[in-house]
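J.: Provided below: structure_13.csv, containing CSV, C-alpha atoms.
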```csv
chain,number,residue,atom,x,y,z
A,1,MET,CA,61.6,16.5,83.6
A,2,ARG,CA,62.3,15.2,80.2
A,3,ILE,CA,65.8,16.4,79.1
A,4,GLU,CA,66.6,16.3,75.4
A,5,PRO,CA,70.2,16.1,74.3
A,6,ARG,CA,70.0,18.9,71.7
A,7,SER,CA,68.5,21.3,74.3
A,8,VAL,CA,71.3,20.5,76.7
A,9,THR,CA,73.9,21.1,74.0
A,10,VAL,CA,72.3,24.5,73.1
A,11,LEU,CA,72.1,25.7,76.7
A,12,VAL,CA,75.6,24.5,77.5
A,13,THR,CA,76.9,26.4,74.5
A,14,ALA,CA,75.1,29.6,75.7
A,15,PHE,CA,76.6,29.1,79.1
A,16,LEU,CA,80.1,28.7,77.7
A,17,ILE,CA,79.8,31.9,75.6
A,18,GLY,CA,79.0,33.8,78.8
A,19,LEU,CA,81.6,32.0,80.9
A,20,LEU,CA,84.5,32.7,78.5
A,21,THR,CA,83.6,36.3,77.5
A,22,GLN,CA,85.9,37.8,80.1
A,23,THR,CA,88.9,35.6,79.3
A,24,SER,CA,90.9,36.8,76.3
A,25,VAL,CA,94.0,35.9,74.2
A,26,ASN,CA,96.0,38.1,71.9
A,27,VAL,CA,95.2,37.0,68.3
A,28,VAL,CA,95.7,40.1,66.1
A,29,GLY,CA,93.8,42.0,68.7
A,30,ASN,CA,92.1,41.2,72.0
A,31,MET,CA,90.0,38.0,71.3
A,32,PRO,CA,87.8,36.5,74.0
A,33,LEU,CA,87.8,32.7,74.3
A,34,ALA,CA,84.0,32.9,73.8
A,35,GLU,CA,84.7,33.7,70.1
A,36,PHE,CA,86.2,30.3,69.6
A,37,VAL,CA,82.8,29.0,70.7
A,38,THR,CA,80.9,31.3,68.3
A,39,LEU,CA,83.3,30.4,65.5
A,40,THR,CA,82.6,26.7,66.2
A,41,VAL,CA,78.8,27.3,66.2
A,42,LEU,CA,79.1,29.1,62.8
A,43,THR,CA,81.1,26.2,61.4
A,44,VAL,CA,78.5,23.7,62.5
A,45,LEU,CA,75.8,25.8,61.0
A,46,ILE,CA,77.6,25.9,57.6
A,47,VAL,CA,78.2,22.2,57.6
A,48,ARG,CA,74.6,21.4,58.6
A,49,ALA,CA,73.3,23.7,55.9
A,50,ALA,CA,75.6,22.0,53.3
A,51,ILE,CA,74.5,18.5,54.4
A,52,GLU,CA,70.8,19.2,54.8
A,53,LYS,CA,70.6,21.5,51.8
A,54,ARG,CA,68.5,24.1,53.7
A,55,VAL,CA,69.0,27.3,55.7
A,56,PRO,CA,68.5,27.0,59.5
A,57,THR,CA,65.3,28.4,60.8
A,58,GLY,CA,64.6,30.0,64.2
A,59,LEU,CA,65.5,33.6,64.4
A,60,PHE,CA,67.1,33.5,61.0
A,61,ARG,CA,63.6,33.6,59.5
A,62,MET,CA,63.0,37.1,60.9
A,63,PRO,CA,63.6,40.1,58.6
A,64,LEU,CA,65.1,42.0,61.6
A,65,PHE,CA,67.9,39.5,61.7
A,66,TRP,CA,68.8,40.2,58.1
A,67,ILE,CA,68.6,43.9,58.8
A,68,PHE,CA,71.3,43.5,61.4
A,69,ILE,CA,73.4,41.4,59.0
A,70,LEU,CA,72.9,43.9,56.1
A,71,ALA,CA,73.8,46.8,58.4
A,72,GLN,CA,77.0,45.0,59.4
A,73,ILE,CA,77.9,44.3,55.8
A,74,ILE,CA,77.4,48.0,54.9
A,75,ALA,CA,79.5,49.0,57.9
A,76,PHE,CA,82.3,46.6,57.0
A,77,ALA,CA,82.4,47.8,53.4
A,78,ALA,CA,82.6,51.4,54.7
A,79,TYR,CA,85.6,50.5,56.9
A,80,ILE,CA,87.3,48.9,53.9
A,81,PHE,CA,86.8,52.0,51.8
A,82,SER,CA,87.9,54.3,54.6
A,83,ASP,CA,91.1,52.4,55.3
A,84,LEU,CA,92.1,52.2,51.6
A,85,TYR,CA,91.3,56.0,51.2
A,86,ARG,CA,93.2,57.0,54.3
A,87,GLY,CA,96.1,54.6,53.8
A,88,SER,CA,95.7,53.0,57.2
A,89,SER,CA,98.6,50.8,58.4
A,90,PHE,CA,98.3,47.1,57.5
A,91,ASN,CA,98.2,46.1,61.2
A,92,ASP,CA,95.4,48.5,62.0
A,93,MET,CA,93.4,47.4,58.9
A,94,LEU,CA,93.8,43.8,60.0
A,95,ARG,CA,92.7,44.6,63.6
A,96,GLY,CA,89.8,46.8,62.4
A,97,TRP,CA,88.5,44.4,59.8
A,98,SER,CA,88.8,41.3,62.0
A,99,ARG,CA,86.8,43.2,64.7
A,100,MET,CA,84.0,43.7,62.2
A,101,ILE,CA,84.1,40.2,60.9
A,102,PHE,CA,84.0,38.6,64.3
A,103,LEU,CA,81.1,40.9,65.4
A,104,GLY,CA,79.2,39.5,62.4
A,105,ILE,CA,80.1,35.9,63.4
A,106,ASP,CA,79.1,36.5,67.0
A,107,VAL,CA,75.7,37.9,66.0
A,108,VAL,CA,74.9,34.9,63.7
A,109,ALA,CA,76.1,32.3,66.3
A,110,VAL,CA,74.1,33.8,69.2
A,111,ALA,CA,71.0,34.2,67.1
A,112,SER,CA,71.2,30.5,66.2
A,113,ILE,CA,71.5,29.5,69.8
A,114,PHE,CA,68.7,31.8,71.1
A,115,GLY,CA,66.5,30.8,68.2
A,116,ALA,CA,66.9,27.1,69.1
A,117,LYS,CA,66.2,27.7,72.8
A,118,ALA,CA,65.0,31.1,74.2
A,119,SER,CA,66.3,30.3,77.7
A,120,GLY,CA,69.8,30.3,76.2
A,121,PHE,CA,69.8,34.0,76.9
A,122,VAL,CA,69.4,33.4,80.6
A,123,TRP,CA,72.1,30.7,80.6
A,124,SER,CA,74.4,33.1,78.9
A,125,GLN,CA,73.9,35.5,81.8
A,126,VAL,CA,74.6,32.7,84.3
A,127,GLY,CA,77.8,32.1,82.4
A,128,LEU,CA,78.7,35.8,82.5
A,129,MET,CA,78.1,35.8,86.3
A,130,MET,CA,80.3,32.7,86.8
A,131,GLY,CA,82.9,34.0,84.4
A,132,GLY,CA,83.2,37.2,86.4
A,133,LEU,CA,83.6,35.3,89.7
A,134,LEU,CA,86.3,33.0,88.2
A,135,ALA,CA,88.2,36.0,86.8
A,136,ILE,CA,88.4,37.4,90.2
A,137,MET,CA,89.7,34.1,91.7
A,138,ALA,CA,92.2,33.7,88.9
A,139,THR,CA,93.7,37.2,88.5
A,140,GLY,CA,92.3,39.4,91.3
A,141,ALA,CA,90.4,42.6,90.9
A,142,LYS,CA,91.7,45.4,88.7
A,143,TYR,CA,93.1,48.4,90.6
A,144,ASP,CA,92.4,46.4,93.8
A,145,ASP,CA,88.8,47.4,93.6
A,146,LEU,CA,87.0,44.2,94.4
A,147,TRP,CA,83.5,45.6,93.9
A,148,LYS,CA,83.7,47.6,90.6
A,149,PHE,CA,86.1,45.3,88.9
A,150,GLY,CA,85.0,42.1,90.6
A,151,LEU,CA,81.8,41.4,92.5
A,152,GLY,CA,79.6,44.2,91.3
A,153,GLY,CA,78.6,42.8,87.9
A,154,PRO,CA,78.0,39.2,89.0
A,155,ALA,CA,76.0,40.4,92.0
A,156,THR,CA,73.7,42.5,89.7
A,157,ILE,CA,73.0,39.5,87.5
A,158,ALA,CA,72.3,37.3,90.5
A,159,ILE,CA,69.8,39.8,91.9
A,160,CYS,CA,68.1,40.2,88.6
A,161,LEU,CA,67.7,36.4,88.3
A,162,ILE,CA,66.8,35.6,91.9
A,163,GLY,CA,64.8,38.7,92.7
A,164,PRO,CA,61.6,37.4,91.1
A,165,LEU,CA,61.5,34.6,93.6
A,166,PHE,CA,60.2,37.1,96.2
A,167,GLY,CA,57.7,38.9,93.9
A,168,ARG,CA,57.8,41.9,91.6
A,169,PHE,CA,57.8,44.6,94.3
A,170,ALA,CA,60.6,42.9,96.3
A,171,ALA,CA,62.7,42.5,93.1
A,172,ILE,CA,62.3,46.2,92.4
A,173,CYS,CA,63.4,47.1,95.9
A,174,LEU,CA,66.4,44.8,95.7
A,175,ILE,CA,67.6,46.1,92.4
A,176,GLY,CA,67.1,49.8,93.5
A,177,ALA,CA,69.0,49.1,96.8
A,178,LEU,CA,71.8,47.5,94.8
A,179,GLY,CA,71.9,50.6,92.6
A,180,ILE,CA,72.5,52.8,95.6
A,181,LEU,CA,75.2,50.4,96.9
A,182,HIS,CA,76.9,50.6,93.5
A,183,LEU,CA,76.9,54.4,93.6
A,184,SER,CA,78.2,54.5,97.1
A,185,LEU,CA,81.1,52.2,96.1
A,186,ASP,CA,81.9,54.4,93.1
A,187,PHE,CA,80.5,52.0,90.5
A,188,ARG,CA,78.6,54.8,88.8
A,189,SER,CA,77.6,53.1,85.5
A,190,MET,CA,76.1,50.0,87.2
A,191,GLY,CA,74.5,52.2,89.8
A,192,GLY,CA,72.7,54.2,87.2
A,193,VAL,CA,71.7,51.1,85.3
A,194,CYS,CA,70.2,49.5,88.5
A,195,LEU,CA,68.3,52.7,89.5
A,196,LEU,CA,66.9,53.1,85.9
A,197,GLY,CA,66.0,49.4,85.8
A,198,ALA,CA,64.2,49.7,89.1
A,199,MET,CA,62.2,52.7,87.9
A,200,LEU,CA,61.2,50.9,84.7
A,201,LEU,CA,60.2,47.8,86.6
A,202,GLY,CA,58.2,50.1,88.9
A,203,VAL,CA,56.4,51.6,86.0
A,204,GLN,CA,55.1,48.1,85.1
A,205,LEU,CA,53.2,48.0,88.4
A,206,ILE,CA,50.7,50.5,87.2
A,207,PRO,CA,48.0,49.9,84.6
A,208,ARG,CA,49.3,49.6,81.1
A,209,GLN,CA,47.3,52.6,79.8
A,210,LEU,CA,49.1,54.9,82.3
A,211,ARG,CA,52.7,53.6,81.9
A,212,VAL,CA,53.6,56.0,79.0
A,213,LEU,CA,52.6,59.0,81.1
A,214,LEU,CA,54.8,58.0,84.0
A,215,LEU,CA,57.7,56.7,82.0
A,216,VAL,CA,59.5,60.0,81.4
A,217,PRO,CA,59.1,61.2,85.1
A,218,ALA,CA,60.4,57.9,86.3
A,219,LEU,CA,63.5,58.0,84.1
A,220,ALA,CA,64.1,61.7,85.0
A,221,GLY,CA,63.9,60.8,88.7
A,222,ALA,CA,66.3,57.9,88.4
A,223,ALA,CA,68.7,60.1,86.4
A,224,LEU,CA,68.6,62.9,89.0
A,225,LEU,CA,69.2,60.4,91.8
A,226,THR,CA,72.1,58.9,89.9
A,227,PHE,CA,73.7,62.3,89.3
A,228,TRP,CA,73.3,63.3,92.9
A,229,MET,CA,74.8,60.0,94.2
A,230,SER,CA,77.6,60.2,91.7
A,231,SER,CA,78.6,63.6,93.0
A,232,GLN,CA,79.0,62.4,96.5
A,233,PRO,CA,82.3,61.0,97.8
A,234,GLY,CA,82.6,57.3,96.8
A,235,GLY,CA,84.5,54.3,98.0
A,236,ASN,CA,87.8,56.1,97.4
A,237,ASP,CA,89.2,59.6,97.5
A,238,GLY,CA,87.4,60.6,94.3
A,239,THR,CA,90.5,60.7,92.2
A,240,ARG,CA,89.7,57.5,90.2
A,241,GLY,CA,86.2,58.7,89.5
A,242,SER,CA,87.5,62.1,88.3
A,243,ARG,CA,90.2,60.4,86.1
A,244,SER,CA,87.5,58.2,84.6
A,245,THR,CA,85.3,61.2,83.8
A,246,VAL,CA,88.2,63.2,82.3
A,247,GLU,CA,89.3,60.2,80.1
A,248,ARG,CA,85.7,59.5,78.8
A,249,THR,CA,85.0,63.1,78.2
A,250,ALA,CA,88.2,63.5,76.2
A,251,MET,CA,87.4,60.3,74.2
A,252,ILE,CA,84.0,61.5,73.3
A,253,ALA,CA,85.3,64.9,72.3
A,254,ALA,CA,88.1,63.5,70.2
A,255,ALA,CA,85.8,61.0,68.4
A,256,SER,CA,83.3,63.8,67.8
A,257,GLU,CA,86.0,66.0,66.3
A,258,GLY,CA,87.0,63.1,64.0
A,259,ILE,CA,83.4,62.7,62.8
A,260,LEU,CA,83.1,66.5,62.1
A,261,GLU,CA,86.3,66.5,60.1
A,262,SER,CA,85.2,63.6,57.9
A,263,PRO,CA,81.6,62.5,58.3
A,264,LEU,CA,81.3,60.5,55.1
A,265,ILE,CA,84.7,58.8,54.7
A,266,GLY,CA,85.9,58.5,58.3
A,267,GLN,CA,89.4,58.4,59.7
A,268,GLY,CA,90.2,54.7,59.1
A,269,SER,CA,90.6,51.8,61.5
A,270,TRP,CA,92.1,52.7,64.9
A,271,PHE,CA,92.8,56.2,63.5
A,272,SER,CA,96.3,55.1,62.4
A,273,ASN,CA,96.7,57.8,59.8
A,274,SER,CA,94.9,60.7,61.5
A,275,ARG,CA,95.3,63.0,64.5
A,276,VAL,CA,92.3,61.7,66.5
A,277,MET,CA,94.4,59.9,69.2
A,278,GLU,CA,96.8,62.8,69.5
A,279,ASN,CA,93.8,65.1,70.0
A,280,PHE,CA,92.5,62.7,72.6
A,281,GLN,CA,95.7,62.8,74.6
A,282,LEU,CA,95.8,66.6,74.4
A,283,LEU,CA,92.2,66.9,75.6
A,284,ARG,CA,92.8,64.3,78.3
A,285,SER,CA,95.9,66.1,79.6
A,286,GLU,CA,94.1,69.5,79.7
A,287,GLY,CA,91.0,68.0,81.3
A,288,ALA,CA,93.2,66.4,84.0
A,289,ARG,CA,94.9,69.7,84.7
A,290,LEU,CA,91.6,71.5,85.1
A,291,ALA,CA,90.2,68.7,87.3
A,292,GLY,CA,93.2,68.6,89.5
A,293,VAL,CA,94.1,64.9,88.8
A,294,HIS,CA,97.5,63.6,87.7
A,295,GLY,CA,99.0,60.9,85.6
A,296,TYR,CA,98.1,62.0,82.0
A,297,ALA,CA,101.0,63.4,79.9
A,298,VAL,CA,100.4,65.4,76.8
A,299,GLU,CA,102.1,62.8,74.7
A,300,SER,CA,101.6,59.4,76.3
A,301,GLU,CA,103.5,56.2,75.4
A,302,GLU,CA,100.3,54.2,75.8
A,303,THR,CA,99.6,51.9,72.8
A,304,ASN,CA,96.4,50.3,71.6
A,305,ILE,CA,94.2,52.9,73.3
A,306,ALA,CA,90.5,52.2,72.5
A,307,ILE,CA,88.1,55.1,72.5
A,308,HIS,CA,85.1,54.0,74.7
A,309,SER,CA,82.1,54.6,72.5
A,310,GLN,CA,80.9,51.9,70.1
A,311,ILE,CA,78.7,54.2,68.0
A,312,LEU,CA,81.0,57.2,68.0
A,313,VAL,CA,84.1,55.1,67.1
A,314,SER,CA,82.3,53.3,64.3
A,315,ILE,CA,81.2,56.5,62.7
A,316,ALA,CA,84.6,58.2,63.3
A,317,GLU,CA,86.6,55.3,61.8
A,318,GLY,CA,84.3,54.3,58.9
A,319,GLY,CA,82.2,57.4,58.4
A,320,ILE,CA,78.4,57.6,58.7
A,321,PHE,CA,78.1,54.3,56.8
A,322,GLY,CA,80.6,52.7,59.1
A,323,GLY,CA,78.2,53.3,61.9
A,324,THR,CA,75.2,51.7,60.2
A,325,PHE,CA,75.1,48.7,62.4
A,326,PHE,CA,75.4,50.6,65.7
A,327,ILE,CA,72.8,53.1,64.5
A,328,VAL,CA,70.3,50.3,63.8
A,329,PHE,CA,71.4,48.5,67.0
A,330,GLY,CA,70.8,51.6,69.1
A,331,CYS,CA,67.3,52.2,67.7
A,332,MET,CA,66.4,48.6,68.4
A,333,ILE,CA,67.6,48.8,72.0
A,334,GLY,CA,65.4,51.8,72.5
A,335,TRP,CA,62.4,49.9,71.0
A,336,ALA,CA,63.1,46.8,73.2
A,337,LEU,CA,63.2,48.9,76.4
A,338,TRP,CA,60.0,50.6,75.4
A,339,TYR,CA,58.3,47.3,74.6
A,340,CYS,CA,59.5,45.7,77.9
A,341,THR,CA,58.3,48.6,79.9
A,342,THR,CA,55.0,49.7,78.3
A,343,SER,CA,53.6,46.6,76.5
A,344,ARG,CA,55.2,43.3,77.6
A,345,VAL,CA,53.4,41.2,80.3
A,346,PRO,CA,55.9,41.2,83.3
A,347,ASP,CA,57.3,37.8,84.3
A,348,ALA,CA,60.4,36.3,85.9
A,349,TRP,CA,62.4,37.2,82.8
A,350,THR,CA,61.7,40.9,82.9
A,351,PRO,CA,64.4,42.1,85.4
A,352,ILE,CA,67.3,40.4,83.6
A,353,PHE,CA,65.9,41.6,80.2
A,354,ILE,CA,65.7,45.2,81.3
A,355,TYR,CA,69.1,45.1,83.0
A,356,PHE,CA,70.9,43.7,80.0
A,357,LEU,CA,69.2,46.2,77.6
A,358,LEU,CA,70.2,49.1,79.8
A,359,ILE,CA,73.8,47.9,80.2
A,360,THR,CA,74.0,47.4,76.5
A,361,MET,CA,72.7,50.9,75.9
A,362,TRP,CA,75.4,52.2,78.2
A,363,ASN,CA,78.1,50.3,76.4
A,364,LEU,CA,76.8,51.6,73.0
A,365,PHE,CA,77.7,55.1,74.0
A,366,LEU,CA,80.5,54.6,76.6
A,367,SER,CA,82.3,51.3,75.9
A,368,PRO,CA,84.5,50.0,73.0
A,369,PHE,CA,83.4,47.2,70.7
A,370,SER,CA,86.7,45.3,71.1
A,371,GLY,CA,87.2,42.0,72.9
A,372,GLY,CA,84.4,40.8,75.1
A,373,HIS,CA,82.2,43.7,74.3
A,374,ARG,CA,81.6,42.1,70.9
A,375,ILE,CA,80.0,39.2,72.7
A,376,GLY,CA,77.8,41.6,74.7
A,377,ILE,CA,76.6,43.2,71.4
A,378,ALA,CA,75.8,39.8,69.9
A,379,ILE,CA,73.8,38.8,73.0
A,380,GLY,CA,72.0,42.1,72.8
A,381,CYS,CA,71.0,41.4,69.2
A,382,GLY,CA,69.8,38.0,70.2
A,383,LEU,CA,67.7,39.4,73.0
A,384,ILE,CA,66.2,42.0,70.8
A,385,LEU,CA,65.3,39.3,68.2
A,386,LEU,CA,63.6,37.2,70.9
A,387,LEU,CA,61.6,40.2,72.1
A,388,TRP,CA,60.7,41.2,68.5
A,389,ARG,CA,59.4,37.7,67.8
A,390,GLU,CA,57.5,37.7,71.1
A,391,ALA,CA,55.9,41.1,70.2
A,392,LEU,CA,54.7,39.7,66.9
A,393,ASP,CA,53.0,36.9,68.7
A,394,ALA,CA,51.8,38.9,71.7
A,395,ALA,CA,48.5,38.3,73.3
A,396,PRO,CA,45.7,40.9,73.1
A,397,ASP,CA,46.2,44.0,75.2
A,398,GLY,CA,43.2,43.1,77.4
A,399,GLU,CA,45.0,40.0,78.8
A,400,GLU,CA,45.4,40.2,82.6
A,401,GLU,CA,49.0,40.5,83.8
A,402,PRO,CA,50.0,37.7,86.2
A,403,GLU,CA,52.0,38.2,89.3
A,404,VAL,CA,55.4,36.5,89.3
A,405,THR,CA,55.5,33.5,91.7
A,406,PRO,CA,58.5,31.6,93.0
A,407,GLN,CA,57.3,28.6,91.0
A,408,GLU,CA,57.8,30.5,87.8
A,409,LEU,CA,61.5,31.0,88.1
A,410,PRO,CA,62.6,27.5,87.2
A,411,LYS,CA,61.3,28.2,83.7
A,412,LEU,CA,64.3,30.5,83.2
A,413,LEU,CA,66.6,27.5,83.1
A,414,GLU,CA,64.2,25.0,81.5
A,415,VAL,CA,65.7,22.4,79.2
A,416,ARG,CA,62.6,20.5,78.3
A,417,SER,CA,61.2,21.2,74.8
```
When written as structure tokens, how does the structure in this file appear?
T.:
Amino acid sequence: MRIEPRSVTVLVTAFLIGLLTQTSVNVVGNMPLAEFVTLTVLTVLIVRAAIEKRVPTGLFRMPLFWIFILAQIIAFAAYIFSDLYRGSSFNDMLRGWSRMIFLGIDVVAVASIFGAKASGFVWSQVGLMMGGLLAIMATGAKYDDLWKFGLGGPATIAICLIGPLFGRFAAICLIGALGILHLSLDFRSMGGVCLLGAMLLGVQLIPRQLRVLLLVPALAGAALLTFWMSSQPGGNDGTRGSRSTVERTAMIAAASEGILESPLIGQGSWFSNSRVMENFQLLRSEGARLAGVHGYAVESEETNIAIHSQILVSIAEGGIFGGTFFIVFGCMIGWALWYCTTSRVPDAWTPIFIYFLLITMWNLFLSPFSGGHRIGIAIGCGLILLLWREALDAAPDGEEEPEVTPQELPKLLEVRS
């Protein structure tokens, strides 16, 4: 195999971004070490552009990339206006604005890496897997739950990467079985993602002309199975699952109320000059009382609480224009899932593609965009750009779909140009 130094550098960089995503330092806010890598990549891009007197190519040539960037600029401008109008505290403005700036830096850096080498996406997933394992070894599992806050995520990535070695049907069975295991161990989000992923991969086994007809029933079946499994006793006494449901429900309700109160201007970064967080604590306390769980006071002394919804928080903080990026991002995740399921020729990349798109969709609605989640958003944008470029260059619909073979998997980690 001929190994080119530039290819190795690109793939090592992609690996480091994934590896360092889950390790953070406190710089203004929660900053993952991976963002030091993306900042370095952006600096190199700027220096090269200045020396060579040309804009880098790759994914940067695609109009969709510039749509993402324009949407982020609009969202950032909306945040600035909202904070100035609301009189947000300086510290919260700094945290809110830096969060938006670093999200833009991450998107540009990841797009440059994936544009230089498409397999950089897979290397970033290998890095995420290894980073999760190293985090467990270094600090242990959060809440002493070794599966949900430890091995569950890396195991899922590993199955999605290794599953194609045994053929498409075997990969579907492995991912579906892993989803059931996740649900039985009270990892509901990952369980739902795996079951939905298995259903989407199963749809690809039928002729392309019939996939659209079976897509909705398949998703409905996976959703019903996920709901039923989630309602069963999990790996603990059920208290943690109930507390999580109460907290997320209160977060969504508080953010939604903030949007309804000021849909155009928003409430400002981190809601520092509004009652959104007070409403959240009230709703959480009442929800905990009704659910019969404890530990949530009406007025909590917690600080730096992040509402877990990227799209709702961006709209609640910056108004409808503040959510521009995440609205565009959500629409493109939906397109990418549709393309991968109904049009794309299945190959060894398909399971990890569908997994990451589904987990990114989950995070869009039920995770914050602080810290390591910003890296996940950037990787999601990079993957969507890769799929968009592939769709533009797609072969005619009549092309026969090949069966994945074990010999195909090494292409995932290929470093030869």
J.: Using only C-alpha atoms, which of A:Arg248, A:Met361, A:Gly322, A:Ala253 sits nearest His308 of chain A?
T.: A:Arg248
J.: Scan for residues within 12 Å of the point (67.5, 27.4, 70.1) in the coordinates of the file, using all atoms listed in the file, and reply as a ChimeraX atom specification.
T.: /A:6-14,41,56-60,109-121,123,382,386,415-417
J.: What is the distance, in Å and to one decimal place, between atom CA of Ala316 of chain A and atom CA of Gly18 of chain A?
T.: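 Atom-to-atom, atom CA of Ala316 of chain A and atom CA of Gly18 of chain A are spaced 29.4 Å apart.
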J.: Could you pull the residues within 8 Å of Ala75 of chain A, counting only C-alpha atoms, minus those fewer than 4 positions along the same chain, as a ChimeraX atom specification?
T.: /A:71,79,318,321-325
J.: Gly334 of chain A: which residues within 12 Å, counting all atoms listed in the file, same-chain residues fewer than 4 positions away excluded, as a PyMOL selection string?
T.: chain A and resi 327-330+338-341+354+357-358+360-362+364+380+384
J.: Near Leu174 of chain A, counting all atoms listed in the file, which residues have an atom at most 10 Å away, once you skip same-chain residues fewer than 6 positions from it, shown as a PDB file with C-alpha atoms, keeping the file's coordinate frame?
T.:
```
ATOM      1  CA  THR A 156      73.700  42.500  89.700  1.00  0.00           C
ATOM      2  CA  ILE A 159      69.800  39.800  91.900  1.00  0.00           C
ATOM      3  CA  CYS A 160      68.100  40.200  88.600  1.00  0.00           C
ATOM      4  CA  ILE A 162      66.800  35.600  91.900  1.00  0.00           C
ATOM      5  CA  GLY A 163      64.800  38.700  92.700  1.00  0.00           C
ATOM      6  CA  PRO A 164      61.600  37.400  91.100  1.00  0.00           C
ATOM      7  CA  PHE A 166      60.200  37.100  96.200  1.00  0.00           C
ATOM      8  CA  ARG A 168      57.800  41.900  91.600  1.00  0.00           C
ATOM      9  CA  CYS A 194      70.200  49.500  88.500  1.00  0.00           C
ATOM     10  CA  ALA A 198      64.200  49.700  89.100  1.00  0.00           C
TER      11      ALA A 198
END
```
J.: Just how far from atom CA of Ile359 of chain A is atom CA of Val193 of chain A, in Å to one decimal?
T.: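 The value is 6.4 Å.
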J.: Taking (59.0, 40.4, 91.1) in the file's own coordinates, collect the residues within 8 Å, counting all atoms listed in the file, and hand them back as a list of chain:residue names.
T.: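 Residues lying no farther than 8 Å from the given point: A:Gly163, A:Pro164, A:Leu165, A:Phe166, A:Gly167, A:Arg168, A:Phe169, A:Ala170, A:Ala171, A:Ile172, A:Asp347, A:Ala348, A:Glu403, A:Val404, A:Thr405.
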